[in-house]
>>> print(open('my_file-v2.txt').read())   # compact mmCIF, C-alpha atoms and all ligand atoms
# COMPACT_ATOMS: atom_id res chain seq x y z
CA MET A 1 0.00 0.00 0.00
CA SER A 2 2.74 2.42 0.98
CA ASP A 3 4.19 2.24 -2.56
CA THR A 4 1.12 3.77 -4.13
CA LEU A 5 0.35 6.38 -1.48
CA SER A 6 0.20 9.92 -2.90
CA ILE A 7 -0.06 13.29 -1.24
CA ASN A 8 -2.98 15.70 -1.79
CA SER A 9 -1.47 18.16 -4.27
CA GLU A 10 -4.32 20.66 -4.06
CA ARG A 11 -4.10 20.89 -0.30
CA LEU A 12 -0.33 21.39 -0.51
CA TRP A 13 -0.69 24.18 -3.08
CA THR A 14 -3.52 25.86 -1.15
CA ARG A 15 -1.40 25.91 2.00
CA LEU A 16 1.59 27.35 0.11
CA MET A 17 -0.66 30.18 -1.08
CA ASP A 18 -2.23 30.60 2.37
CA MET A 19 1.18 30.88 4.03
CA ALA A 20 2.16 33.54 1.45
CA ARG A 21 -0.52 35.88 2.87
CA TYR A 22 1.67 36.50 5.93
CA GLY A 23 4.04 39.28 4.95
CA ALA A 24 2.71 39.43 1.38
CA LEU A 25 4.33 42.01 -0.91
CA PRO A 26 2.65 43.77 -3.85
CA GLY A 27 4.96 42.03 -6.34
CA GLY A 28 3.74 38.57 -5.29
CA GLY A 29 6.62 37.82 -2.93
CA ASN A 30 6.99 37.81 0.83
CA ASN A 31 8.72 39.76 3.55
CA ARG A 32 8.54 37.44 6.54
CA GLN A 33 11.87 37.97 8.25
CA ALA A 34 12.70 35.95 11.33
CA LEU A 35 10.79 36.71 14.56
CA THR A 36 8.74 39.59 13.13
CA ASP A 37 4.95 39.76 13.62
CA GLU A 38 4.55 38.28 10.12
CA ASP A 39 6.86 35.37 11.00
CA LYS A 40 4.93 34.80 14.24
CA ALA A 41 1.66 34.66 12.28
CA GLY A 42 3.07 32.18 9.76
CA ARG A 43 4.58 29.98 12.47
CA GLU A 44 1.30 29.94 14.40
CA GLN A 45 -0.64 29.05 11.26
CA PHE A 46 1.72 26.10 10.78
CA MET A 47 1.28 24.99 14.41
CA ALA A 48 -2.52 25.19 14.07
CA TRP A 49 -2.45 23.00 10.94
CA CYS A 50 -0.28 20.44 12.75
CA ARG A 51 -2.58 20.31 15.79
CA GLU A 52 -5.59 19.75 13.50
CA ILE A 53 -4.13 16.36 12.54
CA GLY A 54 -3.26 15.40 16.10
CA CYS A 55 0.43 16.32 16.13
CA GLU A 56 2.08 17.28 19.37
CA VAL A 57 3.83 20.64 18.84
CA ARG A 58 6.80 21.82 20.89
CA LEU A 59 9.09 24.85 20.77
CA ASP A 60 12.72 24.75 21.81
CA ALA A 61 14.81 27.47 23.43
CA ILE A 62 15.82 29.01 20.08
CA GLY A 63 12.27 28.89 18.72
CA ASN A 64 12.68 25.85 16.48
CA ILE A 65 9.25 24.21 16.09
CA PHE A 66 8.83 20.42 16.13
CA ALA A 67 5.47 18.87 15.18
CA ARG A 68 5.46 15.21 16.14
CA ARG A 69 3.32 12.37 14.85
CA ALA A 70 3.61 9.30 17.04
CA GLY A 71 4.94 6.03 15.63
CA SER A 72 4.12 2.50 16.72
CA ASP A 73 7.30 2.44 18.84
CA ASN A 74 7.88 5.82 20.41
CA THR A 75 11.05 4.74 22.16
CA LEU A 76 12.72 4.85 18.72
CA PRO A 77 14.37 8.05 17.49
CA PRO A 78 12.26 10.09 15.04
CA VAL A 79 12.64 10.61 11.31
CA ILE A 80 12.62 14.38 10.90
CA THR A 81 11.91 16.58 7.88
CA GLY A 82 11.51 20.32 7.50
CA SER A 83 13.09 23.60 6.52
CA HIS A 84 12.30 27.25 7.32
CA LEU A 85 9.37 29.69 7.13
CA ASP A 86 11.33 32.96 7.31
CA THR A 87 12.11 34.82 4.07
CA GLN A 88 14.43 37.46 2.69
CA PRO A 89 13.11 41.08 2.77
CA SER A 90 11.91 40.58 -0.81
CA GLY A 91 11.74 36.80 -0.86
CA GLY A 92 9.47 34.32 -2.55
CA LYS A 93 6.71 31.93 -1.55
CA PHE A 94 8.72 28.69 -1.73
CA ASP A 95 12.30 28.94 -0.43
CA GLY A 96 12.08 27.01 2.85
CA ILE A 97 8.29 27.19 3.07
CA TYR A 98 7.94 24.40 0.53
CA GLY A 99 10.04 22.03 2.67
CA VAL A 100 7.98 22.76 5.80
CA LEU A 101 4.57 22.47 4.14
CA GLY A 102 5.71 19.46 2.08
CA GLY A 103 6.58 17.73 5.36
CA LEU A 104 3.22 18.69 6.86
CA GLU A 105 1.48 17.35 3.73
CA VAL A 106 3.24 13.99 4.20
CA LEU A 107 1.97 13.81 7.80
CA HIS A 108 -1.53 14.86 6.74
CA THR A 109 -1.60 12.16 4.03
CA LEU A 110 -0.58 9.49 6.56
CA HIS A 111 -3.26 10.83 8.91
CA ASP A 112 -5.93 10.64 6.15
CA GLN A 113 -4.88 7.11 5.16
CA ASN A 114 -4.53 5.92 8.73
CA VAL A 115 -0.96 4.78 8.14
CA LYS A 116 1.20 4.39 11.21
CA THR A 117 4.98 4.44 10.89
CA VAL A 118 7.25 2.47 13.21
CA HIS A 119 9.48 5.43 14.04
CA PRO A 120 7.77 8.66 15.11
CA LEU A 121 7.88 11.50 12.54
CA GLU A 122 8.61 15.17 13.18
CA VAL A 123 8.27 18.21 10.92
CA VAL A 124 10.72 20.94 11.91
CA VAL A 125 10.69 24.69 11.34
CA TRP A 126 14.23 26.00 11.86
CA THR A 127 14.40 29.56 13.22
CA ASN A 128 16.15 32.29 11.18
CA GLU A 129 17.54 30.32 8.27
CA GLU A 130 17.90 33.39 6.06
CA GLY A 131 20.15 35.37 8.39
CA CYS A 132 19.01 38.71 6.96
CA ARG A 133 17.38 40.34 9.99
CA PHE A 134 19.79 38.67 12.42
CA ASP A 135 23.09 38.21 10.63
CA THR A 136 23.71 34.46 10.99
CA ALA A 137 22.22 32.19 8.35
CA MET A 138 20.88 28.78 9.47
CA MET A 139 20.89 29.99 13.08
CA GLY A 140 18.25 27.69 14.62
CA SER A 141 19.76 24.53 13.14
CA ALA A 142 23.26 25.73 14.09
CA VAL A 143 22.28 26.03 17.76
CA TRP A 144 20.42 22.70 17.71
CA SER A 145 23.37 20.87 16.16
CA GLY A 146 25.95 22.50 18.45
CA ALA A 147 27.69 24.64 15.83
CA MET A 148 26.65 27.83 17.66
CA SER A 149 26.02 28.46 21.35
CA LEU A 150 22.55 29.40 22.51
CA ASP A 151 23.90 32.54 24.19
CA SER A 152 25.64 33.84 21.08
CA ALA A 153 22.45 33.28 19.06
CA TYR A 154 20.39 35.07 21.75
CA ALA A 155 22.78 38.02 21.63
CA LEU A 156 22.46 38.66 17.87
CA THR A 157 20.70 41.96 17.20
CA ASP A 158 18.90 43.52 14.26
CA ARG A 159 19.36 47.10 12.96
CA ASP A 160 17.07 48.42 15.69
CA HIS A 161 19.24 46.72 18.36
CA LEU A 162 16.50 44.19 19.17
CA SER A 163 18.01 40.86 20.18
CA VAL A 164 17.01 37.36 19.12
CA LYS A 165 16.18 36.58 22.73
CA SER A 166 13.99 39.63 23.29
CA GLU A 167 12.18 39.05 19.98
CA LEU A 168 11.60 35.36 20.81
CA GLU A 169 10.11 36.51 24.12
CA ARG A 170 8.05 39.26 22.50
CA ILE A 171 6.38 36.87 20.04
CA ASP A 172 6.10 34.24 22.79
CA HIS A 173 8.07 31.60 20.86
CA LEU A 174 10.91 31.04 23.31
CA GLY A 175 10.19 27.40 24.11
CA GLU A 176 11.01 25.44 27.23
CA HIS A 177 12.57 22.49 25.41
CA SER A 178 16.33 22.24 25.14
CA ALA A 179 17.68 23.42 21.77
CA THR A 180 19.98 20.41 21.52
CA ALA A 181 19.74 17.54 19.08
CA GLY A 182 18.69 14.23 20.56
CA ALA A 183 18.97 10.90 18.72
CA ILE A 184 17.62 11.21 15.17
CA HIS A 185 16.99 8.18 12.95
CA ALA A 186 17.16 10.14 9.67
CA ALA A 187 16.58 13.67 8.36
CA LEU A 188 15.30 14.78 4.95
CA GLU A 189 14.86 18.32 3.61
CA LEU A 190 12.72 19.13 0.59
CA HIS A 191 13.70 22.40 -1.12
CA ILE A 192 13.51 24.30 -4.39
CA GLU A 193 16.76 24.04 -6.34
CA GLN A 194 17.47 27.82 -6.34
CA GLY A 195 19.44 27.24 -9.54
CA PRO A 196 18.58 26.55 -13.20
CA VAL A 197 19.87 23.00 -13.76
CA LEU A 198 16.74 20.84 -13.25
CA GLU A 199 14.59 23.15 -15.36
CA ALA A 200 17.18 23.42 -18.12
CA GLU A 201 17.56 19.65 -18.31
CA GLY A 202 13.84 18.94 -18.04
CA GLU A 203 14.10 16.83 -14.89
CA THR A 204 11.64 16.84 -12.01
CA ILE A 205 13.61 15.62 -9.01
CA GLY A 206 17.11 16.43 -7.82
CA ILE A 207 18.54 13.68 -5.63
CA VAL A 208 20.95 15.78 -3.59
CA THR A 209 24.07 13.83 -2.70
CA GLY A 210 25.93 16.63 -0.94
CA VAL A 211 26.95 20.25 -0.83
CA GLN A 212 29.91 21.49 -2.84
CA HIS A 213 33.25 22.62 -1.41
CA MET A 214 33.51 26.38 -1.54
CA SER A 215 35.89 29.16 -0.57
CA ARG A 216 36.36 32.86 -1.13
CA HIS A 217 39.75 34.50 -1.56
CA ARG A 218 41.08 38.02 -1.64
CA ILE A 219 43.99 38.97 -3.90
CA VAL A 220 45.75 42.31 -3.48
CA VAL A 221 48.37 43.28 -6.09
CA PHE A 222 50.66 46.22 -5.29
CA GLY A 223 52.01 48.51 -8.03
CA GLN A 224 53.04 52.13 -8.18
CA GLU A 225 50.78 55.06 -8.95
CA ALA A 226 52.09 57.09 -11.88
CA HIS A 227 50.90 59.62 -14.44
CA ALA A 228 49.04 57.98 -17.35
CA GLY A 229 50.73 60.22 -19.92
CA PRO A 230 54.50 60.50 -19.33
CA THR A 231 55.03 56.94 -18.00
CA PRO A 232 55.96 54.48 -20.80
CA MET A 233 54.14 51.13 -20.69
CA GLU A 234 57.30 49.08 -20.09
CA LEU A 235 58.32 51.22 -17.09
CA ARG A 236 55.03 50.95 -15.22
CA LYS A 237 54.27 48.89 -12.15
CA ASP A 238 50.61 48.38 -13.09
CA PRO A 239 48.63 45.77 -11.11
CA VAL A 240 45.89 45.74 -13.78
CA MET A 241 48.44 44.27 -16.18
CA ALA A 242 48.75 41.38 -13.73
CA LEU A 243 44.97 41.03 -13.74
CA ALA A 244 45.01 40.82 -17.53
CA ARG A 245 47.55 37.99 -17.33
CA MET A 246 45.86 36.04 -14.55
CA LEU A 247 42.26 36.08 -15.79
CA PRO A 248 42.72 33.79 -18.83
CA PRO A 249 44.48 31.00 -16.90
CA LEU A 250 41.99 31.33 -14.03
CA TYR A 251 38.99 30.94 -16.35
CA GLU A 252 40.83 27.99 -17.94
CA ILE A 253 40.86 26.32 -14.51
CA ALA A 254 37.05 26.42 -14.45
CA GLU A 255 37.00 25.03 -18.01
CA ARG A 256 39.37 22.19 -17.12
CA HIS A 257 37.12 21.24 -14.21
CA ALA A 258 33.86 21.63 -16.13
CA PRO A 259 30.96 21.09 -15.76
CA ASP A 260 31.08 21.30 -11.95
CA GLY A 261 33.96 23.71 -11.32
CA ARG A 262 32.95 27.33 -10.64
CA ILE A 263 35.15 30.43 -10.50
CA THR A 264 33.67 33.88 -9.92
CA PHE A 265 35.31 37.31 -9.73
CA GLY A 266 32.66 39.23 -7.83
CA TYR A 267 34.73 42.24 -6.86
CA ILE A 268 37.45 44.03 -8.83
CA ASN A 269 38.74 47.39 -7.69
CA ALA A 270 41.73 49.44 -8.86
CA GLU A 271 42.93 52.34 -6.72
CA PRO A 272 43.00 55.27 -6.60
CA GLY A 273 40.31 54.97 -9.27
CA SER A 274 41.36 57.94 -11.36
CA SER A 275 41.17 57.69 -15.16
CA ASN A 276 44.56 59.29 -15.76
CA THR A 277 46.54 57.57 -13.01
CA VAL A 278 48.18 54.15 -13.33
CA PRO A 279 46.64 52.24 -10.38
CA GLY A 280 48.88 51.54 -7.41
CA ARG A 281 46.74 48.83 -5.87
CA LEU A 282 44.33 46.23 -7.20
CA GLU A 283 41.98 44.18 -5.07
CA ILE A 284 39.88 41.32 -6.38
CA THR A 285 37.89 38.50 -4.84
CA ILE A 286 37.59 35.03 -6.26
CA ASP A 287 34.98 32.44 -5.26
CA ILE A 288 36.01 28.84 -6.05
CA ARG A 289 33.67 25.81 -5.89
CA HIS A 290 33.64 22.16 -6.80
CA PRO A 291 31.65 19.20 -5.44
CA GLN A 292 34.61 16.75 -5.43
CA ALA A 293 37.32 17.24 -2.81
CA ALA A 294 40.21 16.15 -5.06
CA GLN A 295 39.24 18.42 -7.93
CA TYR A 296 38.51 21.30 -5.57
CA GLU A 297 41.98 20.99 -4.01
CA GLN A 298 43.51 20.89 -7.45
CA MET A 299 41.62 24.04 -8.44
CA LEU A 300 43.02 25.80 -5.36
CA GLU A 301 46.57 24.79 -6.31
CA GLU A 302 46.13 25.91 -9.89
CA TYR A 303 44.62 29.19 -8.72
CA ASN A 304 47.63 29.89 -6.49
CA LYS A 305 50.06 29.19 -9.31
CA ALA A 306 48.19 31.29 -11.90
CA VAL A 307 48.13 34.34 -9.63
CA ARG A 308 51.78 34.02 -8.54
CA ASP A 309 53.00 33.47 -12.11
CA ALA A 310 51.19 36.56 -13.37
CA CYS A 311 52.60 38.77 -10.60
CA ASP A 312 56.12 37.28 -10.85
CA GLN A 313 56.29 37.98 -14.58
CA LEU A 314 55.64 41.67 -13.85
CA GLU A 315 57.66 41.71 -10.62
CA LEU A 316 54.68 42.91 -8.61
CA ASP A 317 54.04 42.05 -4.96
CA VAL A 318 50.88 40.14 -4.20
CA GLN A 319 48.99 39.15 -1.05
CA MET A 320 46.59 36.24 -1.20
CA SER A 321 44.25 35.21 1.59
CA CYS A 322 41.28 32.93 2.03
CA PHE A 323 38.58 34.78 3.98
CA TRP A 324 35.80 32.19 3.96
CA GLU A 325 35.72 28.44 3.43
CA ALA A 326 32.95 25.86 3.77
CA PRO A 327 34.07 22.29 3.38
CA GLY A 328 31.89 20.16 1.13
CA ILE A 329 29.39 17.73 2.54
CA THR A 330 28.56 14.19 1.49
CA PHE A 331 25.06 13.28 2.57
CA ASP A 332 24.14 9.94 4.14
CA ALA A 333 24.09 6.99 1.72
CA ARG A 334 21.02 5.37 3.26
CA CYS A 335 18.98 8.61 3.10
CA ILE A 336 20.09 9.20 -0.52
CA GLU A 337 19.10 5.63 -1.40
CA ALA A 338 15.66 6.09 0.20
CA VAL A 339 15.10 9.14 -2.03
CA ARG A 340 16.36 7.25 -5.10
CA SER A 341 14.08 4.30 -4.53
CA SER A 342 11.08 6.54 -3.82
CA ALA A 343 11.73 8.38 -7.12
CA ARG A 344 11.97 5.06 -8.99
CA GLY A 345 8.65 3.97 -7.48
CA HIS A 346 6.92 7.13 -8.67
CA GLY A 347 8.57 7.15 -12.10
CA TYR A 348 9.74 10.78 -12.00
CA THR A 349 12.78 11.88 -14.00
CA THR A 350 15.71 12.47 -11.66
CA ARG A 351 19.21 13.80 -11.57
CA GLU A 352 21.82 13.36 -8.86
CA MET A 353 23.29 16.70 -7.92
CA CYS A 354 25.22 18.70 -5.37
CA SER A 355 23.71 21.75 -3.70
CA GLY A 356 25.39 25.00 -4.64
CA ALA A 357 23.91 26.82 -1.64
CA GLY A 358 23.95 26.25 2.11
CA HIS A 359 20.87 24.85 3.87
CA ASP A 360 19.81 23.86 7.40
CA SER A 361 20.70 20.31 6.33
CA CYS A 362 24.39 21.34 6.39
CA ASN A 363 24.03 21.69 10.18
CA VAL A 364 21.65 18.78 10.66
CA HIS A 365 24.01 16.45 8.79
CA THR A 366 26.65 16.88 11.52
CA VAL A 367 24.39 15.14 14.07
CA ALA A 368 22.04 12.94 12.00
CA PRO A 369 21.99 10.89 8.78
CA THR A 370 20.69 13.48 6.30
CA SER A 371 19.93 14.15 2.65
CA MET A 372 17.90 16.56 0.52
CA ILE A 373 15.40 16.54 -2.36
CA PHE A 374 15.25 19.38 -4.92
CA ILE A 375 12.52 20.39 -7.34
CA PRO A 376 12.96 22.85 -10.24
CA CYS A 377 12.17 26.55 -9.80
CA GLU A 378 11.24 28.85 -12.67
CA GLY A 379 14.30 30.34 -14.32
CA GLY A 380 16.41 29.13 -11.40
CA LEU A 381 15.25 32.27 -9.59
CA SER A 382 15.24 32.53 -5.79
CA HIS A 383 15.62 35.27 -3.14
CA ASN A 384 13.33 37.16 -5.49
CA GLU A 385 9.61 38.01 -5.37
CA ALA A 386 9.17 36.24 -8.72
CA GLU A 387 10.39 32.90 -7.28
CA ASN A 388 8.00 30.27 -8.67
CA VAL A 389 7.46 26.52 -9.07
CA LEU A 390 4.95 24.40 -11.00
CA PRO A 391 2.21 22.87 -8.82
CA GLU A 392 2.92 19.45 -10.37
CA ASP A 393 6.61 19.70 -9.43
CA ALA A 394 5.64 20.68 -5.88
CA ALA A 395 3.42 17.58 -5.71
CA ALA A 396 6.17 15.38 -7.19
CA GLY A 397 8.73 16.44 -4.58
CA ALA A 398 6.28 15.86 -1.71
CA ASN A 399 5.46 12.41 -3.10
CA ILE A 400 9.16 11.54 -3.18
CA LEU A 401 9.47 12.78 0.39
CA LEU A 402 6.51 10.65 1.45
CA GLY A 403 7.98 7.49 -0.08
CA ALA A 404 11.44 8.13 1.37
CA ILE A 405 10.04 8.82 4.84
CA LEU A 406 8.00 5.61 4.78
CA GLU A 407 11.09 3.65 3.78
CA LEU A 408 13.23 5.20 6.52
CA ALA A 409 10.59 5.16 9.27
CA GLY A 410 9.05 1.78 8.39
CA VAL A 411 5.32 1.13 8.19
CA ALA A 412 3.79 -0.52 11.27
CA GLY A 413 2.18 -3.85 10.53
CA GLU A 414 4.26 -4.42 7.39
CA ALA A 415 6.86 -7.16 7.39
ZN ZN B 501 15.97 27.96 2.04
>>> encode(input="my_file-v2.txt", output="structure tokens")
Amino acid sequence: MSDTLSINSERLWTRLMDMARYGALPGGGNNRQALTDEDKAGREQFMAWCREIGCEVRLDAIGNIFARRAGSDNTLPPVITGSHLDTQPSGGKFDGIYGVLGGLEVLHTLHDQNVKTVHPLEVVVWTNEEGCRFDTAMMGSAVWSGAMSLDSAYALTDRDHLSVKSELERIDHLGEHSATAGAIHAALELHIEQGPVLEAEGETIGIVTGVQHMSRHRIVVFGQEAHAGPTPMELRKDPVMALARMLPPLYEIAERHAPDGRITFGYINAEPGSSNTVPGRLEITIDIRHPQAAQYEQMLEEYNKAVRDACDQLELDVQMSCFWEAPGITFDARCIEAVRSSARGHGYTTREMCSGAGHDSCNVHTVAPTSMIFIPCEGGLSHNEAENVLPEDAAAGANILLGAILELAGVAGEA
């Protein structure tokens, strides 16, 4: 029976649209930043929906919400699923929200069909995933998994100097339960891709096997300011000449490690920034990513060499530093396999992929077997009011989640 169970796609879509009324913007998007009145309203709507189907709802000390559906053996650790309800200041209706309401839809379907799982199930809403009002992304899951202390999360403040703790108290969502992970059997997060790959390749489900390795570097090249007229080209110490020499080999690195290697120059600045002065200082940033550790390390080596070679040829001093690095993540093989087999059962087209962005699952994975499911989003657009998905894709992802959860949690009464 569990193989053929399907979620109620209309109910899922209606709830997505209902949730989007809290903090609705004229352009169709949402402004529901963490711990605002709008966020409180959305969170309470979610809790009300969970209680309607008999879930026990609890809040922990950082405001994470857990809605629990009992299993046949409640001494066993739960299978958890969920994401976040907070949005960017001009966010969309789906980033995070889809994973929470998809999880609720799975529980509601099991409730309708009277299916009991062996392990209990919990749908989680992680507090302040976006990190825009309070400047730490994935905050609630970071505290829960031990990556951040409760006190440092409480102390974060917004632009009006309001703290996380005082805002949790104000909206009455500071729970009495400890914000510490207990034993978890498995964790799954359903999310929109936030990139263009699934849509471009015409596939419905992304089986997410991990999160890519990524780092950001700053390069400063020192030259000598000089007059643009009297100074002959061969006598200049011009750091932009070094840039001209390093860009082609750096882009070649991305080509050599295609299709997964990514190199981005997001910031290029020559000083003093005067049109008739040879610049004395050049600063650029480079963001380097690859899903495979070996190739990523190789890209870093090649990057170092390309920059040093370019500066050596021109006898210019250079400083290179890495200012941010997030090691890649390989998700749990058993969770990935549960998603794969659920997708096979439903006959959806799939693609195995790495996430290019961070998610609460990056924290959850440090304390529990974890993986993720992606669905396509229109034009790959996210963190944008126009963020959109097809209702049939939303239903497909929730069906995959349902099948994977049943496989991981077990169905009571089935051999
Ligand atoms: Zn998200």
>>> residues_around(input="my_file-v2.txt", residues="Glu271 in chain A", least_positions_apart="6", cutoff="12 Å", atoms="all atoms listed in the file", output="number ranges by chain")
A: 220-226, 238-240, 277-284
>>> axis_aligned_box(input="my_file-v2.txt", around="range 307-310 of chain A", padding_each_side="8 Å", output="JSON")
{"center_x": 50.6, "center_y": 35.0, "center_z": -11.0, "size_x": 20.9, "size_y": 19.1, "size_z": 20.8}
>>> atom_distance(input="my_file-v2.txt", atom1="CA of Ser178 in chain A", atom2="CA of Trp126 in chain A")
14.0 Å
>>> residues_near_ligand(input="my_file-v2.txt", ligand="ligand ZN 501 (chain B)", cutoff="9 Å", atoms="all atoms listed in the file", output="ChimeraX atom specification")
/A:83-87,94-99,129-130,138,191-192,194,357-360,383
>>> closest_residue(input="my_file-v2.txt", among="A:Gly266, A:Glu407, A:Gly379, A:Ile65", to="Ala48 in chain A", atoms="only C-alpha atoms")
A:Ile65
>>> residues_around(input="my_file-v2.txt", residues="range 344-347 of chain A", least_positions_apart="4", cutoff="10 Å", atoms="all atoms listed in the file", output="list in words")
Asp3, Thr4, Leu5, Ser6, Ala338, Val339, Arg340, Ala396, Asn399, Ile400 and Gly403 of chain A
>>> residues_near_point(input="my_file-v2.txt", point="(39.8, 36.5, -6.2)", cutoff="9 Å", atoms="all atoms listed in the file", output="ChimeraX atom specification")
/A:216-220,263-268,283-288,320
>>> write_last_selection(input="my_file-v2.txt", atoms="C-alpha atoms", output="compact mmCIF listing (two decimals), keeping the file's coordinate frame")
# COMPACT_ATOMS: atom_id res chain seq x y z
CA ARG A 216 36.36 32.86 -1.13
CA HIS A 217 39.75 34.50 -1.56
CA ARG A 218 41.08 38.02 -1.64
CA ILE A 219 43.99 38.97 -3.90
CA VAL A 220 45.75 42.31 -3.48
CA ILE A 263 35.15 30.43 -10.50
CA THR A 264 33.67 33.88 -9.92
CA PHE A 265 35.31 37.31 -9.73
CA GLY A 266 32.66 39.23 -7.83
CA TYR A 267 34.73 42.24 -6.86
CA ILE A 268 37.45 44.03 -8.83
CA GLU A 283 41.98 44.18 -5.07
CA ILE A 284 39.88 41.32 -6.38
CA THR A 285 37.89 38.50 -4.84
CA ILE A 286 37.59 35.03 -6.26
CA ASP A 287 34.98 32.44 -5.26
CA ILE A 288 36.01 28.84 -6.05
CA MET A 320 46.59 36.24 -1.20
>>> atom_distance(input="my_file-v2.txt", atom1="CA of Ser275 in chain A", atom2="CA of Ala228 in chain A")
8.2 Å
>>> closest_residue(input="my_file-v2.txt", among="A:Val79, A:Trp13, A:Pro249, A:Phe46", to="Glu189 in chain A", atoms="all atoms listed in the file")
A:Val79
>>> residues_near_point(input="my_file-v2.txt", point="(3.8, 12.2, -0.4)", cutoff="6 Å", atoms="all atoms listed in the file", output="ChimeraX atom specification")
/A:6-7,106,398-399,401-402
>>> write_last_selection(input="my_file-v2.txt", atoms="C-alpha atoms", output="compact mmCIF listing (two decimals), in the frame of the given file")
# COMPACT_ATOMS: atom_id res chain seq x y z
CA SER A 6 0.20 9.92 -2.90
CA ILE A 7 -0.06 13.29 -1.24
CA VAL A 106 3.24 13.99 4.20
CA ALA A 398 6.28 15.86 -1.71
CA ASN A 399 5.46 12.41 -3.10
CA LEU A 401 9.47 12.78 0.39
CA LEU A 402 6.51 10.65 1.45
>>> closest_residue(input="my_file-v2.txt", among="A:Leu162, A:Cys311, A:Val211, A:Val125", to="Gly328 in chain A", atoms="only C-alpha atoms")
A:Val211
